[in-house]
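Structure first, commentary second.
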Amino acid sequence: MSGLRFAAWRVVLGLITLWLLSVIVFAAARVLPGDVGRAILGPLADARAVAALDHALGADRGALASYIEWSRGLLQGDFGVSYAYRTPVAPLVAVALGRSLRLACLILAVAVPPALAAGLTAAHFAGGRIDRLLTLGGLALTVVPEFVTAILAMLVFGIALRWLPISAEPPPGAGAGTWLRHLILPALPGAVALFGYLARTLREASLAALQSDYLRAAILKGLAWPAILVRHLLPNVLPLLLTVLAAQLSYLLGGLVVVETLFRYPGIGLLILSAGRAHDFPLLQASVLVLGAFVVAASLAADLAVRWLTPRAA
Amino acid sequence: MLRGAAALPLAAAPERPLRIACDMPVGRIDPLTVSQTSGLLMLAQTGEFLLRVAPDGSLRPMLAVHWESNEDATLWRFRLRPGVRFHDGTVLNAGDVVATMDRLSDPAQASNALSVFRSVLSPGGTRAAGPLAVEFRLDAPDGHFPYAVSSDNYNAIILPAGRAGDWEADFIGTGPFRLAHYTPTLGARFERNPDWWGGAVRPAATEFLFFADQQPQILALLGDEADIVAQFVVSGARGLLDDPACHVIRLPSAAHRQIHMRTDRPPFADARVRRAVALSLDRPAILSGLLYGQGVLGNDSPCAPIYPETDLAVPQRAANPGAARRLLAEAGQAGGIAATLVTERLQEIPDLAVIVQQACAAIGIALEIRVEDPALYYGTAQRGSSDWLDSDFGITDYGHRAVPDVLLQAGFASNGAWNAAHFRDPRCDSLIAAYRAARTAAARRAASRAIQELLLAQTPVIIPYFFDFLVATRRDVTGVSASAIGQLFLAGAGRSAA
Amino acid sequence: MRWRPGPGLGLVLFWLAAALLAPAFLPWTRLDLHRVLAPPSLAHWCGTDQLGRDVLARTLAGARPIFETAPAATLIALLLGGSAGTIAGYRGGMADAAIGRLIDALLALPLIVLALFALTALGPSQPALVAVIGLAFAPLIARTVRAAVLAERRLDYVTLAQLRGEGSLYILAREILPNIAPAILVEATVRLGYAVFTAASLGFLGFGLSPPSPDWGLTISETYGLMAGGAWWPATFPALATASLVIGVHLAAERWRAQGRP
């Protein structure tokens, strides 16, 4: 299959995936207890007011009818109007997604280079003390919940030492430097978790590559370590790195609810959670679907890049 | 020494706004529908009420300066403050009040105030009796009606007659602050209203920072990124109580946790079983261990000690496991009871559930705890599809109210919408009606005593404590005024110079 | 080479013993409101929590819910993901395409949405929690298994077996499975650790087990906030326990891979 045809085929598959995702979310959202009017007005509100609000929002229509109407709107590029905020959904999602993207990029920038270095180092000294330390340390880091690392980071760097602000959102009109300062602490918990995971994965991959006959021969020939690293090891590890990162994107964008909560950074994860809690189906649908589109696109991009990096892979 | 200087807001160069950390309002901020504390906090920044509830529970003039009723408390007359202007310059008149109250009392609108106005005020019941005079004709006598149009009914901010659904665009009101900008999920900024009828406003600007959880609000205060935490619960924030950098404002309140038991079916149909459960709890230990003393003991009725009509001479129920076991034996339940305790994941409630479980275990009642997401616990809030209203044994949170009328009517009257205990007692119904219609303090006090005694004897619910409303500020912040339902009044607030 | 138990197995066995003995710690996990949040001392080596319960006893007892949930969730993920991945990888064609889309869709669904739907609708219970974590992990395992099966299928020994006329099931069970087992095992041990972590995160979001379960995830999510007030012990010890168990499982699996593999 040619590269172009492969890409086109993958785009079609991606669209099918997104359609499936929308059906899953739409069907599953129906099983949530309560309704939007009750969620907005609270448990103690009068039942007549709840009924009036449900009707005014159009939330009292049948499931199939609202799905059809929602799909029709989507095909025309209209994500609909949020039940809870009673404003168009698109800007709400865009703002939250923008925040999440910035945070995810920073996490990647902070976590990937050291993880790559650690993974390769550990593989190089496989079985040694450094390897042990990195492997076990990385493992321990991945299983400590983010809210523990987040609170520790806030207490130490934000409150005891006062080095960094603990609120992720910079004051309006702040420059890039201020923006970065505000986002460093929030990036830390995700970066720590990602570092642990990546370093271990990369160690395994590099180890496998180092043990391949091909590289063994190169090493026996006396090829210098930097040359091995750049010419043989990295090209072998890079495709895996891309695939793993693409698979982690859902977590990096939508899974950092804890971080968004603690650092006052209302991103897409918090938006999805509050939309679900509020029974705000238009908002929930749109935010899950947009996030899904990013994940699918990332996985497509990773696959294409892998194909390009290793032409023999089918 | 510089305290006086700081109180003059014009003296300083562009001063930093007062920063308030608060819960994030989810959804549109609309005076008609707001139900979250975070939303009512926003309403009270720019909006004002006919009357304001003082911290001692008494009513003070706000947009109304005088109010009185007829002999049987079915007709109330309010005289409005002259010369009050909305932020857009229009002058407040009786028509604005009529439009506001008609909308809030209309069952066809999504009004959150409907539970307060139910069988009290209907659309058309509010009439202008002059440019600055308003008359309320009630559906039933209500001696506490002024509270229903006070800051205690947090939806009832007075809006200009022509305005309804788009309040979020400008937060229009008559209050000391005007909206500068509002960013959903992130925060809001308000600026001083130089034309406020109440005189000079101390802060030039206030900035509200929205958080999705309590913990980061406290960290923001400790890290000096906020000056005030609008409200916090003491569990998980014990450190604030004796932090030298902070000051805690304590307001006694009627907010409580209600432990209900279904009175209409076994195993809690027998009042002796319910009394036994109530006797198993060591309330002073709960108050000190769970709330670090930030509250008062409850006596199993919503008649909180802060209400002036509550009769404090009614004996406080104390722990007595021996008597509890005897009661269970008398009820034929000496062999033990097994039940499920259902509740919501909110603040200290799961911890309270564990305490109740252990206390019950000591008298032979085995409870299994199920802690649910609030959405699941309340469900549709209708009988038959709500764990709150259907469970045999549950714990529910109730916020502060300046008067207990709605709590009594909805919670304990036979047809009450919040009557999770399914309590039906004709004598209780008539006592509640008598309480609500009472016009003299003595009559209401007598009704209150009878209700307190009846609820103690029947024990449809256990109310182990009433917890204080807590606001935290940096040590140098002064002049913050709050209400126990969650409003902050910041016209006089500011940071004194160090 | 003679098989020797290592420190990893020791850790796992320690926690397994704690899980089995959990009822014995119950007398020490009684709450006492007169000694809440006491720092570590001789009487309470790891201090007491917000209800005056001994943190050490609760941490030890907390091994039980972990052993009840994490392996079960991993097992569900292995069964669901493993079979889906095997079918997709071995059959190819339409089956692969259909399963592939479902895997992608589930992977694009954030865990919070899955938890929101399942645990809000079903109510919090151990089986529901196990199901959610299992379901969340299944697509990842399916992907790993599919890739492994796909790689093996092209190898000569499979073709030979097919030429011998062996049935698909036989080839899968006797030829392919032994070869991809190490990869699956590695994935499973990783997932086991994440299961504990995920339970904790779900607890933080309000979708966890019900108290008074001494579950580490639930305990950490209940008490992490106390750290801001200086009471670090109720959250720290369960967090350390989680890390030690996961490291133990990892070390044991690694040693098993290195020494015990046939």
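Lettering and numbering for the structure tokens are positional, with chains as A, B, ... in the shown order, residues counted from 1 in each chain, and ligands counted from 1 in the shown order.
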Give me the residues near A:Val144 as a short mmCIF file (atom, residue, chain, number, x, y, z; two decimals) with N, CA, C and O atoms, in the first residue's frame, where near means some atom within 8 Å (using only C-alpha atoms) and where sequence neighbours in that chain fewer than 3 positions away do not count.
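Heads up, here's the output in result.cif:
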data_model
loop_
_atom_site.label_atom_id
_atom_site.label_comp_id
_atom_site.auth_asym_id
_atom_site.auth_seq_id
_atom_site.Cartn_x
_atom_site.Cartn_y
_atom_site.Cartn_z
N ALA A 140 8.67 3.01 41.09
CA ALA A 140 8.06 3.61 42.27
C ALA A 140 7.37 4.92 41.89
O ALA A 140 6.27 5.22 42.37
N LEU A 141 8.01 5.70 41.00
CA LEU A 141 7.44 6.99 40.62
C LEU A 141 6.11 6.83 39.90
O LEU A 141 5.22 7.66 40.05
N VAL A 148 -0.51 12.93 45.43
CA VAL A 148 0.51 12.91 46.47
C VAL A 148 1.73 13.72 46.01
O VAL A 148 2.20 14.61 46.71
N THR A 149 2.21 13.43 44.79
CA THR A 149 3.35 14.21 44.28
C THR A 149 2.97 15.69 44.16
O THR A 149 3.78 16.56 44.47
N ALA A 193 5.37 10.96 36.61
CA ALA A 193 4.74 9.69 36.29
C ALA A 193 5.16 9.23 34.89
O ALA A 193 5.48 8.06 34.67
N PHE C 197 -2.77 2.11 41.66
CA PHE C 197 -2.70 3.55 41.40
C PHE C 197 -4.04 4.08 40.90
O PHE C 197 -4.53 5.12 41.33
N ALA C 239 0.98 5.05 50.77
CA ALA C 239 1.65 5.31 49.50
C ALA C 239 2.93 4.47 49.41
O ALA C 239 3.23 3.87 48.37
N THR C 242 2.01 0.89 48.76
CA THR C 242 1.68 0.67 47.35
C THR C 242 2.95 0.49 46.53
O THR C 242 3.10 -0.48 45.78
N ALA C 243 3.87 1.44 46.72
CA ALA C 243 5.11 1.38 45.95
C ALA C 243 5.86 0.09 46.24
O ALA C 243 6.36 -0.58 45.32
#
Determine, using only C-alpha atoms, which residues of chain C have any atom at most 9 Å from an atom of chain B, and tabulate each with its shortest atom pair and distance in Å to one decimal place, rows ordered by chain and then rising number, as a tab-separated table.
residue	atom	partner	partner_atom	distance
C:Arg30	CA	B:Gln358	CA	8.0
C:Leu31	CA	B:Ile355	CA	7.5
C:Asp32	CA	B:Gly289	CA	8.4
C:Leu33	CA	B:Gly289	CA	4.6
C:His34	CA	B:Gly289	CA	6.2
C:Arg35	CA	B:Gly289	CA	7.8
C:Val36	CA	B:Gly289	CA	6.4
C:Gln50	CA	B:Leu290	CA	7.6
C:Leu51	CA	B:Gly289	CA	7.2
C:Gly52	CA	B:Gly289	CA	8.3
C:Leu119	CA	B:Asp373	CA	8.5
C:Thr120	CA	B:Leu376	CA	6.0
C:Ala121	CA	B:Leu376	CA	7.0
C:Leu122	CA	B:Leu376	CA	8.8
C:Gly123	CA	B:Glu372	CA	6.2
C:Pro124	CA	B:Glu372	CA	6.2
C:Ser125	CA	B:Arg370	CA	8.0
C:Gly206	CA	B:Asp373	CA	6.5
C:Phe207	CA	B:Asp373	CA	7.1
C:Gly208	CA	B:Val371	CA	8.9
C:Leu209	CA	B:Val371	CA	7.8
C:Ser210	CA	B:Val371	CA	5.2
C:Pro211	CA	B:Pro350	CA	6.7
C:Pro212	CA	B:Val354	CA	6.0
C:Glu222	CA	B:Gly236	CA	8.9
C:Thr223	CA	B:Gly236	CA	7.6
C:Tyr224	CA	B:Gly236	CA	8.7
C:Gly225	CA	B:Gly236	CA	5.7
C:Leu226	CA	B:Gly236	CA	5.2
C:Met227	CA	B:Gly236	CA	8.7
C:Ala228	CA	B:Leu219	CA	7.2
C:Gly229	CA	B:Gly239	CA	4.3
C:Gly230	CA	B:Gly239	CA	7.4
C:Ala231	CA	B:Gly239	CA	8.9
What's the separation between atom CA of C:Ser168 and atom CA of C:Leu79, in Å to one decimal place?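 Separating atom CA of C:Ser168 from atom CA of C:Leu79 is a distance of 18.1 Å.
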Interface, chain A side, toward chain B (6 Å; only C-alpha atoms) as a list of chain:residue names: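 Using only C-alpha atoms, chain A residues at most 6 Å from chain B: A:Pro33, A:Gly34, A:Leu41, A:Gly42, A:Pro43, A:Ala45, A:Asp46, A:Arg48, A:Ala49, A:Ala52, A:Leu53, A:Ala84, A:Tyr85, A:Ile159, A:Thr261, A:Leu262, A:Arg264.
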All strand (DSSP E or B) positions in stretch 55-106 of chain B, as a ChimeraX atom specification: /B:59-61,64-69,75-80,85,91
Residues near stretch 140-147 of chain B, cut-off 12 Å, only C-alpha atoms, skip fewer than 6 positions along chain, as a PyMOL selection string: chain B and resi 49-54+57-62+64+66-78+116-122+125+153-154+156+309+401-406+432-441+443-444
I need the contact residues of chain C against chain A, so if you could list those with any atom within 8 Å, counting only C-alpha atoms, and return them as a PyMOL selection string, that would help. chain C and resi 101-102+104-113+116-117+120-121+193-194+196-197+200-201+204-205+224-225+227-228+239+242-244+246-247
Write out as a ChimeraX atom specification which residues come within 10 Å of A:Ala94 when counting only C-alpha atoms, dropping same-chain ones fewer than 3 positions away. /A:89-91,97-100,267-268,287,290
